[in-house]
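S.K.: Got a structure here, written out as structure tokens. Questions coming.
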2 protein chains.
Amino acid sequence: MGAVPRSAVTPPAAAPAPAGKRVRARRGEGERLREEILDATIELIVAEGSADRVSTRAVARKVGCTPPALYLHFPDKASLIYAACDRQFDKLGAVLHEAMDDIDDPIERLRAASLAYVHFALDHPEEYRVMMLDLSPSSMYEATLEEMAASPGFDAIVETVRDGIERGIFKPVDPMVAALMMWAAIHGLVSLRLVKGGLALPDIEVLLESCLILELDGLRATDGPDTPVHSQP
Amino acid sequence: MGAVPRSAVTPPAAAPAPAGKRVRARRGEGERLREEILDATIELIVAEGSADRVSTRAVARKVGCTPPALYLHFPDKASLIYAACDRQFDKLGAVLHEAMDDIDDPIERLRAASLAYVHFALDHPEEYRVMMLDLSPSSMYEATLEEMAASPGFDAIVETVRDGIERGIFKPVDPMVAALMMWAAIHGLVSLRLVKGGLALPDIEVLLESCLILELDGLRATDGPDTPVHSQP
DNA sequence: TGTACATCAGTGAACGCGCGTTCACTGATGTAC
DNA sequence: TGTACATCAGTGAACGCGCGTTCACTGATGTAC
């Protein structure tokens with residue numbers, strides 16, 4: 001697949017806006033700076049497209065404080081980036097829960113969650129990249145399948161599959177594996193779109209619909225006991 | 001999905017091996033250094049896990065030449081990284097073609113290609129990351145669907161789907177869209193495995209098998225004219 | 001109510017480092033005469 | 001066959017820069033007496 005890049009390394013980010021001095025927090029309000037730093041970090045990650053390209057000095061500039069002030073709230077740069085990304089996971093989880101709220105039919109719930117997922121990713125491409133495609137921040141998190149199934153957002157997907165099975169709408173597959181397959185397929189679509197931006201792919205919603213038809217059809221109980229989705233022993 | 005990283009930024013790569021002086025190429029053999037530089041660049045990208053973290057000086061150290069020598073063969077760092085990554089796409093294409101060689105049944109051809117793809121990715125995780133997950137090198141490549149369908153590796157997938165349709169084994173879907181769906185699903189699986197390394201996912205081959213059953217089943221003509229895969233107007 | 005003082009929320013200057021790149025140069029080697 | 005010389009394949013030193021982080025400090029502010 002000879003995808004040939006045009007420019008291999010992004011330039012080192014032109015001289016950034018000096019950013020006005022911020023007013024010093026009053027006594028007892030020191031945590032305010034922490035929040036401002038996290039906001040600025042996310043914004044810079046978004047602007048640079050990668051956590052690796054965000055410097056602590058740039059964060060301080062954006063906030064309007066001096067570089068050492070960051071060290072009042074975070075022990076080092078790694079912890080700062082970590083904390084900023086962690087926020088985004090919570091945000092995605094909330095978006096998924098909200099999208100599935102008030103929908104009863106499991107199939108429509110999954111469809112709504114998928115759409116919400118795709119839109120979150122495309123509306124926040126750089127955050128999604130940092131959360132899901134960058135090696136640095138999140139790859140080393142260790143979790144069992146059970147812990148993962150309990151994480152906000154994913155929990156609702158797994159629960160919906162389980163619900164569909166109990167109601168006889170879905171085949172009696174492993175809900176965790178089925179949810180994983182859906183996640184992987186949609187994540188695959190979204191990442192191709194995000195990473196291979198120059199590729200003239202068909203409309204993402206058209207692709208998602210094809211994807212959902214495949215996935216949901218494979219889950220549906222109505223077409224017989226064949227075509228199993230393997231469950232994990 | 002509260003995947004929480006343990007360390008958000010990889011350390012700046014400990015003092016690298018000094019690497020012995022290389023022997024100067026003889027007259028007329030200047031291109032040898034170019035190849036050595038590309039080899040070293042790939043190796044460093046693999047070692048660092050990201051093109052962004054590879055410096056021209058580190059490449060020169062690894063090759064055993066001085067930094068300015070790189071500029072005899074590449075105008076700047078971006079072009080160097082570009083050239084190194086481009087090589088890997090050719091490699092993946094060759095792997096896919098080889099895997100599909102001598103297999104007649106379209107279903108088995110697709111299965112073999114998928115397996116080869118997954119193994120290439122897992123055997124060369126850092127190269128795959130740079131090729132498929134990094135924003136920097138390849139995201140800006142502009143290609144139409146037609147150009148993409150002609151790229152080595154992907155061409156064989158599309159051709160196999162088309163062949164299956166002609167033989168009446170697959171439904172009369174758009175071969176390009178069907179190939180894209182397969183690519184996206186498998187790419188999604190592989191990237192979750194690569195990026196969320198700490199997640200105790202089920203065995204990748206088990207997941208791939210579930211994925212293939214879903215995808216191939218959706219393609220198969222035998223179960224009627226329903227469950228269409230949308231084609232692009 | 002007035003004032004001394006501890007603490008909070010930062011600042012300002014500096015550290016040593018590796019980076020991408022340029023510039024002037026040099027030594028070996030093949031070629032022409 | 002011998003030698004002058006153009007060229008090839010690099011080298012060595014230096015440039016200015018931004019980085020992450022440390023250190024000693026300072027000024028405003030709330031509190032205790």
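Ordering of the structure tokens sets the chain letters (A, B, ...); residue numbers start at 1 within each chain; ligands are numbered from 1 in the order shown.
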When DSSP works through the backbone of this structure, what residues of stretch 117-189 of chain B end up as helix (DSSP H, G or I), shown as a PyMOL selection string?

M.R.: chain B and resi 117-123+125-133+135-138+145-149+154-166+175-189

S.K.: Within 12 Å of B:Leu96, counting only C-alpha atoms (C1' of nucleotides), which residues show up once you throw out same-chain ones fewer than 6 positions away? Write them as number ranges by chain, please.

M.R.: A: 1; B: 89-90, 109-121, 151-157

S.K.: Emit the selected residues as a JSON list (two decimals), in the first residue's frame, including N, CA, C and O atoms.

M.R.:
```
[["chain", "number", "residue", "atom", "x", "y", "z"],
["A", 1, "MET", "N", 0.84, -1.17, 0.00],
["A", 1, "MET", "CA", 0.00, 0.00, 0.00],
["A", 1, "MET", "C", 0.88, 1.24, 0.00],
["A", 1, "MET", "O", 1.32, 1.72, 1.03],
["B", 89, "PHE", "N", 5.96, 0.66, 3.18],
["B", 89, "PHE", "CA", 4.72, 0.38, 2.47],
["B", 89, "PHE", "C", 4.96, -0.64, 1.36],
["B", 89, "PHE", "O", 4.14, -1.54, 1.16],
["B", 90, "ASP", "N", 6.07, -0.50, 0.69],
["B", 90, "ASP", "CA", 6.38, -1.47, -0.35],
["B", 90, "ASP", "C", 6.52, -2.87, 0.25],
["B", 90, "ASP", "O", 6.07, -3.87, -0.32],
["B", 109, "ARG", "N", -8.29, -16.65, -0.02],
["B", 109, "ARG", "CA", -7.33, -15.59, -0.34],
["B", 109, "ARG", "C", -7.45, -14.43, 0.63],
["B", 109, "ARG", "O", -6.45, -13.92, 1.16],
["B", 110, "LEU", "N", -8.69, -14.03, 0.89],
["B", 110, "LEU", "CA", -8.91, -12.91, 1.81],
["B", 110, "LEU", "C", -8.47, -13.28, 3.22],
["B", 110, "LEU", "O", -7.89, -12.48, 3.96],
["B", 111, "ARG", "N", -8.75, -14.51, 3.60],
["B", 111, "ARG", "CA", -8.35, -14.99, 4.91],
["B", 111, "ARG", "C", -6.83, -14.96, 5.05],
["B", 111, "ARG", "O", -6.28, -14.50, 6.05],
["B", 112, "ALA", "N", -6.16, -15.44, 4.01],
["B", 112, "ALA", "CA", -4.69, -15.48, 4.04],
["B", 112, "ALA", "C", -4.11, -14.07, 4.09],
["B", 112, "ALA", "O", -3.16, -13.80, 4.85],
["B", 113, "ALA", "N", -4.70, -13.17, 3.31],
["B", 113, "ALA", "CA", -4.21, -11.80, 3.30],
["B", 113, "ALA", "C", -4.40, -11.15, 4.67],
["B", 113, "ALA", "O", -3.51, -10.45, 5.17],
["B", 114, "SER", "N", -5.54, -11.41, 5.29],
["B", 114, "SER", "CA", -5.81, -10.82, 6.60],
["B", 114, "SER", "C", -4.81, -11.31, 7.63],
["B", 114, "SER", "O", -4.28, -10.52, 8.43],
["B", 115, "LEU", "N", -4.57, -12.60, 7.61],
["B", 115, "LEU", "CA", -3.60, -13.17, 8.54],
["B", 115, "LEU", "C", -2.22, -12.56, 8.32],
["B", 115, "LEU", "O", -1.52, -12.19, 9.27],
["B", 116, "ALA", "N", -1.83, -12.45, 7.05],
["B", 116, "ALA", "CA", -0.51, -11.90, 6.74],
["B", 116, "ALA", "C", -0.41, -10.46, 7.20],
["B", 116, "ALA", "O", 0.61, -10.02, 7.75],
["B", 117, "TYR", "N", -1.50, -9.72, 7.02],
["B", 117, "TYR", "CA", -1.54, -8.32, 7.42],
["B", 117, "TYR", "C", -1.34, -8.21, 8.92],
["B", 117, "TYR", "O", -0.51, -7.44, 9.41],
["B", 118, "VAL", "N", -2.11, -9.00, 9.67],
["B", 118, "VAL", "CA", -2.03, -8.97, 11.13],
["B", 118, "VAL", "C", -0.62, -9.35, 11.59],
["B", 118, "VAL", "O", -0.04, -8.71, 12.47],
["B", 119, "HIS", "N", -0.06, -10.36, 10.96],
["B", 119, "HIS", "CA", 1.27, -10.78, 11.38],
["B", 119, "HIS", "C", 2.34, -9.75, 11.03],
["B", 119, "HIS", "O", 3.25, -9.52, 11.82],
["B", 120, "PHE", "N", 2.20, -9.13, 9.87],
["B", 120, "PHE", "CA", 3.15, -8.08, 9.52],
["B", 120, "PHE", "C", 3.12, -6.97, 10.58],
["B", 120, "PHE", "O", 4.14, -6.51, 11.07],
["B", 121, "ALA", "N", 1.90, -6.60, 10.94],
["B", 121, "ALA", "CA", 1.74, -5.50, 11.91],
["B", 121, "ALA", "C", 2.32, -5.88, 13.28],
["B", 121, "ALA", "O", 3.02, -5.10, 13.90],
["B", 151, "SER", "N", -2.77, 0.57, -5.42],
["B", 151, "SER", "CA", -1.53, 0.46, -4.66],
["B", 151, "SER", "C", -1.24, -1.00, -4.34],
["B", 151, "SER", "O", -2.15, -1.79, -4.15],
["B", 152, "PRO", "N", 0.05, -1.35, -4.32],
["B", 152, "PRO", "CA", 0.39, -2.77, -4.16],
["B", 152, "PRO", "C", -0.11, -3.29, -2.81],
["B", 152, "PRO", "O", 0.08, -2.67, -1.79],
["B", 153, "GLY", "N", -0.76, -4.42, -2.83],
["B", 153, "GLY", "CA", -1.34, -4.99, -1.62],
["B", 153, "GLY", "C", -2.84, -4.79, -1.66],
["B", 153, "GLY", "O", -3.60, -5.74, -1.78],
["B", 154, "PHE", "N", -3.23, -3.53, -1.61],
["B", 154, "PHE", "CA", -4.67, -3.25, -1.63],
["B", 154, "PHE", "C", -5.29, -3.67, -2.97],
["B", 154, "PHE", "O", -6.43, -4.13, -3.01],
["B", 155, "ASP", "N", -4.51, -3.50, -4.05],
["B", 155, "ASP", "CA", -5.02, -3.91, -5.36],
["B", 155, "ASP", "C", -5.45, -5.38, -5.34],
["B", 155, "ASP", "O", -6.49, -5.74, -5.89],
["B", 156, "ALA", "N", -4.66, -6.21, -4.69],
["B", 156, "ALA", "CA", -4.96, -7.65, -4.69],
["B", 156, "ALA", "C", -6.23, -7.95, -3.91],
["B", 156, "ALA", "O", -7.01, -8.85, -4.28],
["B", 157, "ILE", "N", -6.47, -7.19, -2.84],
["B", 157, "ILE", "CA", -7.69, -7.40, -2.05],
["B", 157, "ILE", "C", -8.92, -7.05, -2.90],
["B", 157, "ILE", "O", -9.86, -7.84, -3.03]]
```

S.K.: Near stretch 124-132 of chain A, within 9 Å and counting only C-alpha atoms (C1' of nucleotides), which residues show up once chain neighbours fewer than 5 positions away are dropped, as a PDB file with C-alpha atoms, in the first residue's frame?

M.R.:
```
ATOM      1  CA  ILE A  42      -5.292  20.096  25.790  1.00  0.00           C
ATOM      2  CA  ILE A  45      -2.043  19.064  22.039  1.00  0.00           C
ATOM      3  CA  VAL A  46      -4.926  19.783  19.694  1.00  0.00           C
ATOM      4  CA  ALA A  47      -2.965  22.530  17.950  1.00  0.00           C
ATOM      5  CA  GLU A  48       0.199  20.473  17.576  1.00  0.00           C
ATOM      6  CA  GLY A  49      -1.547  17.203  16.849  1.00  0.00           C
ATOM      7  CA  SER A  50       0.696  15.278  19.195  1.00  0.00           C
ATOM      8  CA  ALA A  51       1.578  15.309  22.863  1.00  0.00           C
ATOM      9  CA  CYS A  85      -5.385  13.069  28.298  1.00  0.00           C
ATOM     10  CA  ASP A  86      -7.193  11.406  31.137  1.00  0.00           C
ATOM     11  CA  GLN A  88     -10.596  13.340  27.399  1.00  0.00           C
ATOM     12  CA  PHE A  89     -11.446   9.735  28.179  1.00  0.00           C
ATOM     13  CA  HIS A 119     -18.699  12.139  15.659  1.00  0.00           C
ATOM     14  CA  PRO A 137       0.369   8.458  26.851  1.00  0.00           C
ATOM     15  CA  SER A 138      -1.908   5.497  27.177  1.00  0.00           C
ATOM     16  CA  SER A 139      -0.318   2.431  25.719  1.00  0.00           C
ATOM     17  CA  HIS A 187     -12.122   2.574  15.580  1.00  0.00           C
ATOM     18  CA  SER A 191      -8.483   6.060  12.354  1.00  0.00           C
ATOM     19  CA  LEU A 194      -8.037  10.615  10.655  1.00  0.00           C
ATOM     20  CA  VAL A 195      -4.594   9.345   9.755  1.00  0.00           C
TER      21      VAL A 195
ATOM     22  CA  ALA B   3      -7.790   4.097  29.950  1.00  0.00           C
ATOM     23  CA  LEU B 133      -0.926   5.561  13.171  1.00  0.00           C
ATOM     24  CA  ASP B 134       1.468   8.499  13.099  1.00  0.00           C
ATOM     25  CA  LEU B 135       0.085  11.733  11.855  1.00  0.00           C
ATOM     26  CA  SER B 191      -4.189  -0.867  16.298  1.00  0.00           C
ATOM     27  CA  LEU B 192      -6.050  -1.564  19.513  1.00  0.00           C
ATOM     28  CA  VAL B 195      -1.645   1.061  21.043  1.00  0.00           C
ATOM     29  CA  LYS B 196      -3.401  -0.353  24.084  1.00  0.00           C
TER      30      LYS B 196
END
```

S.K.: Fewer than 2 positions away in the same chain doesn't count, so skip those; otherwise give me all residues within 12 Å of C:DA32, counting only C-alpha atoms (C1' of nucleotides), as a list in words.

M.R.: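 Counting only the stated atoms, we get DG30 of chain C; DT3, DA4, DC5 and DA6 of chain D.
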
S.K.: Write to file, as a short mmCIF file (atom, residue, chain, number, x, y, z; two decimals), in the first residue's frame, the residues of the selection just made, with all heavy atoms.

M.R.:
```cif
data_model
loop_
_atom_site.label_atom_id
_atom_site.label_comp_id
_atom_site.auth_asym_id
_atom_site.auth_seq_id
_atom_site.Cartn_x
_atom_site.Cartn_y
_atom_site.Cartn_z
P DG C 30 39.19 4.28 -7.41
OP1 DG C 30 37.94 3.81 -6.79
OP2 DG C 30 40.45 3.51 -7.28
"O5'" DG C 30 38.91 4.50 -8.98
"C5'" DG C 30 37.77 5.24 -9.35
"C4'" DG C 30 38.17 6.38 -10.26
"O4'" DG C 30 39.26 7.12 -9.68
"C3'" DG C 30 38.67 5.98 -11.66
"O3'" DG C 30 37.70 6.42 -12.60
"C2'" DG C 30 40.01 6.68 -11.81
"C1'" DG C 30 39.96 7.75 -10.73
N9 DG C 30 41.22 8.24 -10.19
C8 DG C 30 42.09 7.56 -9.38
N7 DG C 30 43.14 8.27 -9.03
C5 DG C 30 42.93 9.50 -9.64
C6 DG C 30 43.73 10.67 -9.62
O6 DG C 30 44.80 10.87 -9.04
N1 DG C 30 43.15 11.70 -10.37
C2 DG C 30 41.96 11.59 -11.05
N2 DG C 30 41.56 12.67 -11.73
N3 DG C 30 41.21 10.51 -11.08
C4 DG C 30 41.75 9.50 -10.36
P DT D 3 56.57 10.50 -11.54
OP1 DT D 3 57.85 11.24 -11.38
OP2 DT D 3 56.12 9.56 -10.50
"O5'" DT D 3 55.42 11.56 -11.82
"C5'" DT D 3 55.56 12.46 -12.92
"C4'" DT D 3 54.30 13.25 -13.11
"O4'" DT D 3 53.23 12.39 -13.64
"C3'" DT D 3 53.71 13.87 -11.83
"O3'" DT D 3 53.21 15.16 -12.16
"C2'" DT D 3 52.57 12.93 -11.50
"C1'" DT D 3 52.05 12.67 -12.91
N1 DT D 3 51.11 11.54 -13.08
C2 DT D 3 50.04 11.69 -13.94
O2 DT D 3 49.84 12.70 -14.56
N3 DT D 3 49.23 10.60 -14.05
C4 DT D 3 49.37 9.38 -13.37
O4 DT D 3 48.58 8.47 -13.56
C5 DT D 3 50.50 9.30 -12.49
C7 DT D 3 50.75 8.04 -11.72
C6 DT D 3 51.32 10.38 -12.38
P DA D 4 53.51 16.43 -11.19
OP1 DA D 4 54.77 17.10 -11.63
OP2 DA D 4 53.37 15.97 -9.78
"O5'" DA D 4 52.29 17.37 -11.55
"C5'" DA D 4 52.15 17.84 -12.90
"C4'" DA D 4 50.67 17.96 -13.23
"O4'" DA D 4 50.06 16.64 -13.22
"C3'" DA D 4 49.87 18.81 -12.25
"O3'" DA D 4 49.15 19.79 -13.00
"C2'" DA D 4 48.96 17.82 -11.53
"C1'" DA D 4 48.82 16.69 -12.54
N9 DA D 4 48.61 15.35 -11.98
C8 DA D 4 49.36 14.74 -11.00
N7 DA D 4 48.95 13.52 -10.71
C5 DA D 4 47.87 13.31 -11.55
C6 DA D 4 47.00 12.21 -11.74
N6 DA D 4 47.10 11.07 -11.06
N1 DA D 4 46.02 12.35 -12.66
C2 DA D 4 45.93 13.50 -13.35
N3 DA D 4 46.68 14.60 -13.26
C4 DA D 4 47.64 14.44 -12.35
P DC D 5 48.26 20.96 -12.24
OP1 DC D 5 48.18 22.12 -13.17
OP2 DC D 5 48.76 21.13 -10.85
"O5'" DC D 5 46.83 20.25 -12.19
"C5'" DC D 5 46.33 19.62 -13.37
"C4'" DC D 5 44.99 19.00 -13.07
"O4'" DC D 5 45.17 17.65 -12.56
"C3'" DC D 5 44.19 19.75 -11.99
"O3'" DC D 5 42.83 19.78 -12.40
"C2'" DC D 5 44.34 18.85 -10.77
"C1'" DC D 5 44.30 17.48 -11.44
N1 DC D 5 44.82 16.36 -10.62
C2 DC D 5 44.19 15.11 -10.71
O2 DC D 5 43.24 14.97 -11.50
N3 DC D 5 44.64 14.08 -9.95
C4 DC D 5 45.67 14.27 -9.12
N4 DC D 5 46.09 13.23 -8.40
C5 DC D 5 46.33 15.53 -9.01
C6 DC D 5 45.87 16.55 -9.77
P DA D 6 41.99 21.19 -12.32
OP1 DA D 6 42.30 21.98 -13.52
OP2 DA D 6 42.20 21.76 -10.97
"O5'" DA D 6 40.48 20.67 -12.45
"C5'" DA D 6 40.14 19.84 -13.55
"C4'" DA D 6 39.24 18.70 -13.10
"O4'" DA D 6 40.00 17.79 -12.26
"C3'" DA D 6 38.02 19.12 -12.27
"O3'" DA D 6 36.90 18.46 -12.81
"C2'" DA D 6 38.34 18.67 -10.86
"C1'" DA D 6 39.25 17.47 -11.09
N9 DA D 6 40.23 17.20 -10.03
C8 DA D 6 41.08 18.11 -9.45
N7 DA D 6 41.87 17.58 -8.55
C5 DA D 6 41.52 16.25 -8.53
C6 DA D 6 41.99 15.16 -7.78
N6 DA D 6 42.98 15.26 -6.88
N1 DA D 6 41.41 13.96 -8.00
C2 DA D 6 40.44 13.86 -8.91
N3 DA D 6 39.91 14.81 -9.68
C4 DA D 6 40.50 16.00 -9.44
#
```

S.K.: From a DSSP pass on the backbone, collect the residues of stretch 125-220 of chain B flagged as strand (DSSP E or B) and hand them back as a ChimeraX atom specification.

M.R.: /B:143,170,199,220

S.K.: Keeping N, CA and C atoms, export the residues of the selection given above as a short mmCIF file (atom, residue, chain, number, x, y, z; two decimals), in the first residue's frame.

M.R.:
```
data_model
loop_
_atom_site.label_atom_id
_atom_site.label_comp_id
_atom_site.auth_asym_id
_atom_site.auth_seq_id
_atom_site.Cartn_x
_atom_site.Cartn_y
_atom_site.Cartn_z
N ALA B 143 -4.73 10.99 -2.40
CA ALA B 143 -4.96 9.97 -3.41
C ALA B 143 -6.44 9.80 -3.61
N PHE B 170 -19.54 -14.06 -3.93
CA PHE B 170 -19.91 -12.90 -3.13
C PHE B 170 -21.11 -12.19 -3.74
N LEU B 199 -3.76 -3.59 27.71
CA LEU B 199 -5.09 -4.18 27.82
C LEU B 199 -5.03 -5.69 27.59
N ARG B 220 -20.77 -13.14 1.57
CA ARG B 220 -21.18 -14.38 0.89
C ARG B 220 -22.55 -14.24 0.23
#
```

S.K.: Applying 12 Å and only C-alpha atoms (C1' of nucleotides), which residues near A:Glu35 remain after dropping the ones on its own chain fewer than 2 positions away? List them as a list in words.

M.R.: Ala25, Glu29, Gly30, Glu31, Arg32, Leu33, Ile37, Leu38, Asp39, Ala40, Thr41, Ile42, Val63, Leu70, His73, Phe74, Leu80, Ala83, Ala84 and Arg87 of chain A

S.K.: Write a file of the just-selected residues containing N, CA and C atoms, as an mmCIF file, in the first residue's frame.

M.R.:
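out10.cif, written as the output of this step:
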```
data_model
loop_
_atom_site.group_PDB
_atom_site.id
_atom_site.type_symbol
_atom_site.label_atom_id
_atom_site.label_comp_id
_atom_site.auth_asym_id
_atom_site.auth_seq_id
_atom_site.Cartn_x
_atom_site.Cartn_y
_atom_site.Cartn_z
ATOM 1 N N ALA A 25 -3.789 34.014 41.193
ATOM 2 C CA ALA A 25 -4.932 33.524 41.976
ATOM 3 C C ALA A 25 -4.849 34.050 43.401
ATOM 4 N N GLU A 29 -6.988 29.796 46.308
ATOM 5 C CA GLU A 29 -7.493 29.463 44.974
ATOM 6 C C GLU A 29 -6.385 28.942 44.060
ATOM 7 N N GLY A 30 -5.378 28.390 44.649
ATOM 8 C CA GLY A 30 -4.227 27.906 43.893
ATOM 9 C C GLY A 30 -4.573 26.840 42.868
ATOM 10 N N GLU A 31 -5.620 26.061 43.162
ATOM 11 C CA GLU A 31 -6.014 25.001 42.237
ATOM 12 C C GLU A 31 -6.505 25.543 40.900
ATOM 13 N N ARG A 32 -6.846 26.830 40.890
ATOM 14 C CA ARG A 32 -7.328 27.423 39.642
ATOM 15 C C ARG A 32 -6.271 27.290 38.546
ATOM 16 N N LEU A 33 -5.009 27.537 38.918
ATOM 17 C CA LEU A 33 -3.930 27.452 37.936
ATOM 18 C C LEU A 33 -3.835 26.039 37.365
ATOM 19 N N ILE A 37 -3.860 25.207 33.488
ATOM 20 C CA ILE A 37 -2.748 24.497 32.843
ATOM 21 C C ILE A 37 -3.275 23.314 32.035
ATOM 22 N N LEU A 38 -4.217 22.574 32.622
ATOM 23 C CA LEU A 38 -4.773 21.428 31.904
ATOM 24 C C LEU A 38 -5.507 21.879 30.648
ATOM 25 N N ASP A 39 -6.282 22.956 30.760
ATOM 26 C CA ASP A 39 -6.976 23.478 29.581
ATOM 27 C C ASP A 39 -5.978 23.833 28.482
ATOM 28 N N ALA A 40 -4.943 24.551 28.874
ATOM 29 C CA ALA A 40 -3.954 24.995 27.888
ATOM 30 C C ALA A 40 -3.241 23.793 27.269
ATOM 31 N N THR A 41 -2.981 22.781 28.077
ATOM 32 C CA THR A 41 -2.295 21.593 27.557
ATOM 33 C C THR A 41 -3.129 20.903 26.487
ATOM 34 N N ILE A 42 -4.400 20.697 26.786
ATOM 35 C CA ILE A 42 -5.292 20.096 25.790
ATOM 36 C C ILE A 42 -5.302 20.931 24.515
ATOM 37 N N VAL A 63 -0.822 29.776 29.212
ATOM 38 C CA VAL A 63 -1.534 30.060 30.456
ATOM 39 C C VAL A 63 -1.296 31.511 30.882
ATOM 40 N N LEU A 70 4.366 25.559 36.607
ATOM 41 C CA LEU A 70 3.772 24.251 36.314
ATOM 42 C C LEU A 70 4.148 23.236 37.389
ATOM 43 N N HIS A 73 2.155 22.220 40.436
ATOM 44 C CA HIS A 73 0.966 21.369 40.319
ATOM 45 C C HIS A 73 1.227 19.998 39.728
ATOM 46 N N PHE A 74 2.317 19.869 38.970
ATOM 47 C CA PHE A 74 2.663 18.584 38.374
ATOM 48 C C PHE A 74 4.142 18.319 38.589
ATOM 49 N N LEU A 80 1.855 15.837 33.569
ATOM 50 C CA LEU A 80 0.977 16.868 33.014
ATOM 51 C C LEU A 80 0.224 16.337 31.796
ATOM 52 N N ALA A 83 -2.371 13.769 32.790
ATOM 53 C CA ALA A 83 -3.592 14.310 33.401
ATOM 54 C C ALA A 83 -4.501 14.932 32.341
ATOM 55 N N ALA A 84 -3.884 15.578 31.352
ATOM 56 C CA ALA A 84 -4.677 16.225 30.307
ATOM 57 C C ALA A 84 -5.433 15.190 29.474
ATOM 58 N N ARG A 87 -8.545 13.400 31.101
ATOM 59 C CA ARG A 87 -9.792 14.157 31.008
ATOM 60 C C ARG A 87 -10.598 13.784 29.785
#
```

S.K.: Residues of chain A were defined as contacting chain D if any atom lay at most 10 Å from it, counting only C-alpha atoms (C1' of nucleotides); please report them as a list in words.

M.R.: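 My answer is Pro12, Arg24, Arg26, Arg27, Gly28, Ser55, Thr56, Arg57, Pro67, Pro68, Tyr71, Asp76 and Lys77 of chain A.
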
S.K.: Neighbours of D:DG27 within 12 Å (only C-alpha atoms (C1' of nucleotides); same-chain residues fewer than 2 positions away dropped), as a short mmCIF file (atom, residue, chain, number, x, y, z; two decimals) with N, CA and C atoms (P, O5', C5', C4', C3', O3' and C1' of nucleotides), in the first residue's frame?

M.R.:
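Saved result, selection01.cif, follows:
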```
data_model
loop_
_atom_site.label_atom_id
_atom_site.label_comp_id
_atom_site.auth_asym_id
_atom_site.auth_seq_id
_atom_site.Cartn_x
_atom_site.Cartn_y
_atom_site.Cartn_z
N ARG A 24 -2.83 36.71 39.14
CA ARG A 24 -2.44 35.73 40.14
C ARG A 24 -3.67 35.31 40.97
P DC C 8 0.37 27.28 52.84
"O5'" DC C 8 -0.53 27.83 51.65
"C5'" DC C 8 -1.37 28.96 51.88
"C4'" DC C 8 -1.30 29.91 50.71
"C3'" DC C 8 -1.17 29.24 49.35
"O3'" DC C 8 -2.22 29.72 48.55
"C1'" DC C 8 0.40 31.00 49.57
P DA C 9 -2.50 29.10 47.13
"O5'" DA C 9 -1.66 30.05 46.18
"C5'" DA C 9 -2.12 31.37 45.92
"C4'" DA C 9 -1.20 32.02 44.93
"C3'" DA C 9 -0.93 31.17 43.68
"O3'" DA C 9 -0.86 32.02 42.53
"C1'" DA C 9 1.10 31.66 44.70
P DG C 10 -0.98 31.39 41.08
"O5'" DG C 10 0.40 30.59 40.85
"C5'" DG C 10 1.36 31.10 39.97
"C4'" DG C 10 2.20 32.17 40.63
"C3'" DG C 10 3.46 32.56 39.87
"O3'" DG C 10 3.17 33.49 38.87
"C1'" DG C 10 3.83 32.43 42.24
P DT C 11 4.12 33.63 37.59
"O5'" DT C 11 5.39 34.40 38.16
"C5'" DT C 11 5.25 35.70 38.71
"C4'" DT C 11 6.63 36.24 39.06
"C3'" DT C 11 7.59 36.35 37.88
"O3'" DT C 11 8.26 37.60 37.98
"C1'" DT C 11 8.55 34.98 39.55
P DC D 25 18.45 33.90 48.07
"O5'" DC D 25 17.04 34.48 47.63
"C5'" DC D 25 16.98 35.67 46.88
"C4'" DC D 25 15.57 35.92 46.40
"C3'" DC D 25 14.55 36.27 47.48
"O3'" DC D 25 14.67 37.61 47.99
"C1'" DC D 25 13.61 34.86 45.78
P DT D 29 -3.73 41.04 47.43
"O5'" DT D 29 -3.76 39.96 48.60
"C5'" DT D 29 -3.76 38.57 48.29
"C4'" DT D 29 -3.95 37.78 49.57
"C3'" DT D 29 -4.99 38.38 50.52
"O3'" DT D 29 -5.70 37.30 51.11
"C1'" DT D 29 -3.00 38.08 51.66
#
```

S.K.: Looking at B:Glu209, B:Glu147, B:Arg162, B:Ala184, which one is nearest to chain A, with distances taken over only C-alpha atoms?

M.R.: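 Result for the nearest residue to chain A: B:Ala184.
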
S.K.: So, counting only C-alpha atoms, which residue among A:Pro106, A:Gly93, A:Pro175, A:Gly164 is closest to chain B?

M.R.: A:Gly93

S.K.: For a test of reading the model, state the distance in Å between atom CA of A:Asp163 and atom CA of A:Leu207, rounded to one decimal.

M.R.: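 Atom CA of A:Leu207 lies at a distance of 26.2 Å from atom CA of A:Asp163.
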
S.K.: Please, what distance in Å, to one decimal, runs between atom CA of A:Leu219 and atom CA of B:Ala178?

M.R.: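 We find that atom CA of A:Leu219 and atom CA of B:Ala178 lie 19.0 Å from each other.
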
S.K.: At a cut-off of 12 Å, using only C-alpha atoms (C1' of nucleotides), what residues contact D:DA24? Leave out same-chain residues fewer than 4 positions from it and give the result as number ranges by chain.

M.R.: C: 11-14

S.K.: A:Ala149, A:Ile107, A:Ala78, A:Val158: which is nearest chain B, counting only C-alpha atoms?

M.R.: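 Ranking A:Ala149, A:Ile107, A:Ala78, A:Val158 by distance to chain B, first place goes to A:Ala78.
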
S.K.: Measuring atom to atom with only C-alpha atoms, identify which of B:Gly168, B:Gly64, B:Gly218, B:Pro75 is nearest to chain A.

M.R.: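 Smallest distance to chain A is found for B:Gly218.
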